[in-house]
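Report on one structure; see the data block that follows.
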2 protein chains.
Amino acid sequence: MTGASAELPAGLLNEIVFDARGLVPAIAQQHDTGEVLMVAWMNREAIEESLRTGRACYWSRSRGALWRKGETSGQVQALIELRLDCDGDTVLLLVDQTGVACHTGRRSCFFRAVRDGKLTTIAEVVTDPAELYADKD
Amino acid sequence: MTGASAELPAGLLNEIVFDARGLVPAIAQQHDTGEVLMVAWMNREAIEESLRTGRACYWSRSRGALWRKGETSGQVQALIELRLDCDGDTVLLLVDQTGVACHTGRRSCFFRAVRDGKLTTIAEVVTDPAELYADKD
């Protein structure tokens with residue numbers, strides 16, 4: 001765990017139930033349309049940074065590092081509000097998503113649905129992923 | 001794990017990434033307002049039952065049993081659509097919630113928010129929890 005110096009709002013830290021890895025799942029929701037965009041993980045430091053900077057920052061389990069959403073792709077999320085559920089083990093981020101949330105270039109990661117007894121793709125690619133990740137380090 | 005006989009729509013089972021316990025997190029969202037109501041867990045059997053019956057059914061980790069939402073409280077969730085995210089490790093249920101989703105008697109479990117630097121309760125109790133769970137075994 002990192003983030004020993006991170007300061008969190010009064011009462012928040014004691015109310016969040018981090019798992020054994022020091023992580024809590026976070027749902028990102030577009031604040032005005034209500035669209036559920038993605039789910040990722042946050043640690044204490046990611047929560048502190050998100051609240052301090054007003055931009056959603058997650059914890060990348062694969063990279064083992066803070067993941068400032070949009071840092072590579074430009075598809076940033078302005079943080080409107082952070083909410084916590086009743087048992088404190090899930091965070092809900094109301095955000096304003098620039099562009100697309102999903103690495104496939106779709107607005108939301110939840111682009112597959114069961115319809116007519118089949119798993120069906122229900123959303124189009126808005127931005128070619130090659131564009132999202134081109135010319136970025 | 002149970003549910004060996006459960007049948008799932010073509011393609012769905014292979015696309016869902018269950019964890020080591022055979023579980024996947026599920027977000028319940030009110031289908032028309034977009035309100036995020038709660039997060040719970042599903043196993044294969046809970047998914048199969050939800051799709052077959054049209055009512056949300058979860059897996060209760062504390063009870064180690066299927067949790068037919070609303071069975072005790074009457075606060076059932078009609079299943080409108082089941083969606084899956086890009087990496088298959090989170091399910092989104094679009095539901096029509098009868099009454100309240102939260103055991104505290106509030107509509108949504110996400111009733112606390114960071115506002116003005118403090119964790120604040122932002123939603124009122126709609127139904128007294130004593131009423132929700134009274135006279136039910």
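Each chain in the structure tokens gets a letter, A, B and so on, in the order shown; residues start at 1 in every chain, and ligands are counted from 1 in the order they appear.
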
Alpha helix (DSSP H) per DSSP on the backbone: members of stretch 19-128 of chain B, as a PyMOL selection string: chain B and resi 44-53

Taking only residues of chain B that have an atom at most 8 Å from an atom of chain A, what is each one's shortest atom pair and its distance in Å to one decimal, using only C-alpha atoms, in chain and number order, as CSV?
residue,atom,partner,partner_atom,distance
B:Pro9,CA,A:Gly117,CA,5.2
B:Ala10,CA,A:Lys118,CA,5.4
B:Gly11,CA,A:Leu119,CA,6.0
B:Leu12,CA,A:Leu119,CA,5.8
B:Thr33,CA,A:Gly34,CA,7.4
B:Gly34,CA,A:Gly34,CA,4.7
B:Glu35,CA,A:Gly34,CA,6.6
B:Met38,CA,A:Asp85,CA,7.6
B:Val39,CA,A:Thr90,CA,7.5
B:Glu81,CA,A:Val114,CA,6.7
B:Leu82,CA,A:Ala113,CA,5.7
B:Arg83,CA,A:Ala113,CA,4.1
B:Leu84,CA,A:Phe110,CA,5.3
B:Asp85,CA,A:Phe110,CA,4.0
B:Cys86,CA,A:Cys109,CA,5.1
B:Thr90,CA,A:Val39,CA,7.5
B:Leu92,CA,A:Phe110,CA,7.3
B:Cys102,CA,A:Cys86,CA,7.6
B:Thr104,CA,A:Cys86,CA,7.8
B:Cys109,CA,A:Asp85,CA,4.9
B:Phe110,CA,A:Asp85,CA,4.0
B:Phe111,CA,A:Asp85,CA,6.4
B:Arg112,CA,A:Leu84,CA,5.3
B:Ala113,CA,A:Arg83,CA,4.1
B:Val114,CA,A:Leu82,CA,5.7
B:Arg115,CA,A:Glu81,CA,7.7
B:Gly117,CA,A:Pro9,CA,5.2
B:Lys118,CA,A:Pro9,CA,5.3
B:Leu119,CA,A:Leu12,CA,5.8

Show which residues sit within 8 Å of A:Lys69, as a PyMOL selection string. Count only C-alpha atoms, and ignore same-chain residues fewer than 5 positions away. chain A and resi 55-58+75-77

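Taking atom CA of A:Met42 and atom CA of A:Asn14 as endpoints, the distance between them is 15.3 Å.
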
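Computed from the coordinates, the atom CA of A:Ala130 to atom CA of A:Gly105 distance equals 8.9 Å.
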
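In this model, the gap between atom CA of A:Val126 and atom CA of A:Ala78 comes to 19.6 Å.
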
Could you pull the residues within 7 Å of B:Ile80, counting only C-alpha atoms, minus those fewer than 6 positions along the same chain, as a ChimeraX atom specification? /B:94-96

Find the spatial neighbours of B:Arg107, counting only C-alpha atoms, within a cut-off of 9 Å - ignore same-chain residues fewer than 5 positions away - and output them as JSON, numbers by chain. {"B": [37, 97, 99, 100, 101, 102, 123, 124, 125, 126, 127]}
